[in-house]
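Below is one structure, written out as structure tokens, with a few remarks after it.
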Amino acid sequence: MNDWLLVAAMALVTFTIRYVLLAFSGRIQLSPTLVRALGYVPPVVLTAIVVPAVVFPDGETLWLGWQNARLVGAIACVILALGYKNLLLTIAGGMAAFWGWQWLVS
Amino acid sequence: MRRFLLAKASDFEVRSPRQEALAGARDIIPLVVGAIPFGIIFGTLAQGSGLSFGATIGMSAFVFAGSSQFIALGLLAAGSTLPLIVLTTVVVNLRHMLYAASLLPYVQGASQRWKAVIGFFLTDEAFAIAIRRYLQPDPSPHKHWYYLGAGVAMYGNWILCTWLGLTVGQLIPNAAAWGLDFAMVATFIGMIVPYATTRPMVGAILIAGLVAVLANGLPHKLGLMVAAIAGVTTGYWLETRP
């Protein structure tokens, strides 16, 4: 297979998917229903990315045990985010909890 | 509406395009850090996949979509055909259309050039960072610059890490084990929690998380799409039910 042809085809479809709605945004009528529904997209998508990354550390096996440092780190992040409402603190504290726990259980 | 916006503008200090771009680049740093191991691993794995050095860099530079790039490597190694890899790319990247849909209200006045730029840099990370800026109530005309700053930072890092993986990847100890990717998890949690202030939003988030776990076995990131649709539907239903 020509690898540059593959790159070009993948680039074309990826850009098209990302761009097509934006390109026609002037002609798309956004109904109030749609706008309301789309308001849920950011937190919902981020959740759908994060939760599997936490409870399936290897991508396949569900791991809900206390030895799962990602799970402990994620719980720390939720507590910090609820308590302090400060993004940088959540990131720093969550990373510290994750690394600390990983070091403890290893 | 316009008068309202103009009147409002005086209440805020409008940042210059440059300041917006720098702020975007700064705010995306945790997500850039989280992407570092993936970029390095992608470059390292590409060496044995049959993809040439140039085409590997080219894939990061022109496709710029991590998940589909990894899956393409896997399919190449398995001897898949080009149409199948391209079709898989479409499925894996379908979620970006959801992001574009939620950006629609903010790009309607933008030039076609801006729309193309926003489309090109549309990743999970750039979307997550930029939507926060777009949602802020100040009427700055330069919010696209914030997006651009974030997008370019993510892009430059992705190409650099791909190159690192290709060149010195074998010398770098197992990048997957560093735990840097947890930076993405921490950042996203820090972004999700502030949304959880209403019952519909909490319901949407809980259902999205639950469905994402149940649908984890689905191939090609389809679980993400299913979970997103389930979450949005739940939120909308809770919000509008009598």
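Here's how to read the names in the structure tokens: chain A, B, ... by the order shown, residue numbers from 1 in each chain, ligand numbers from 1 in the order shown.
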Taking only C-alpha atoms into account, report as a PyMOL selection string which residues of chain A lie within 8 Å of chain B.
-> chain A and resi 1+3-4+6-15+17-19+21-23+25-26+30+35-55+60+70+73-74+77-78+81-82+85-87+90-91+94-95+98-99
Taking the DSSP assignment computed from this structure's backbone, write out as a ChimeraX atom specification all residues of segment 59-106 of chain A that belong to helix (DSSP H, G or I).
-> /A:69-84,87-105
For Phe42 of chain B, work out the shell of residues within 8 Å, counting only C-alpha atoms and skipping chain neighbours fewer than 3 positions away, then give it as a ChimeraX atom specification.
-> /B:38-39,45-46,69-70,162,165
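Atom CA of Cys161 of chain B is positioned 26.2 Å from atom CA of Gly100 of chain A.
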Can you tell me, as a ChimeraX atom specification, what residues are no more than 8 Å from Gly93 of chain A when counting only C-alpha atoms, ignoring any on the same chain fewer than 3 positions away?
-> /A:76-77,80,89-90,96-97
Two-atom distance - atom CA of Ser106 of chain A, atom CA of Ile79 of chain A (Å) | 23.8 Å
Between atom CA of Ala130 of chain B and atom CA of Glu20 of chain B lies a distance of 10.9 Å
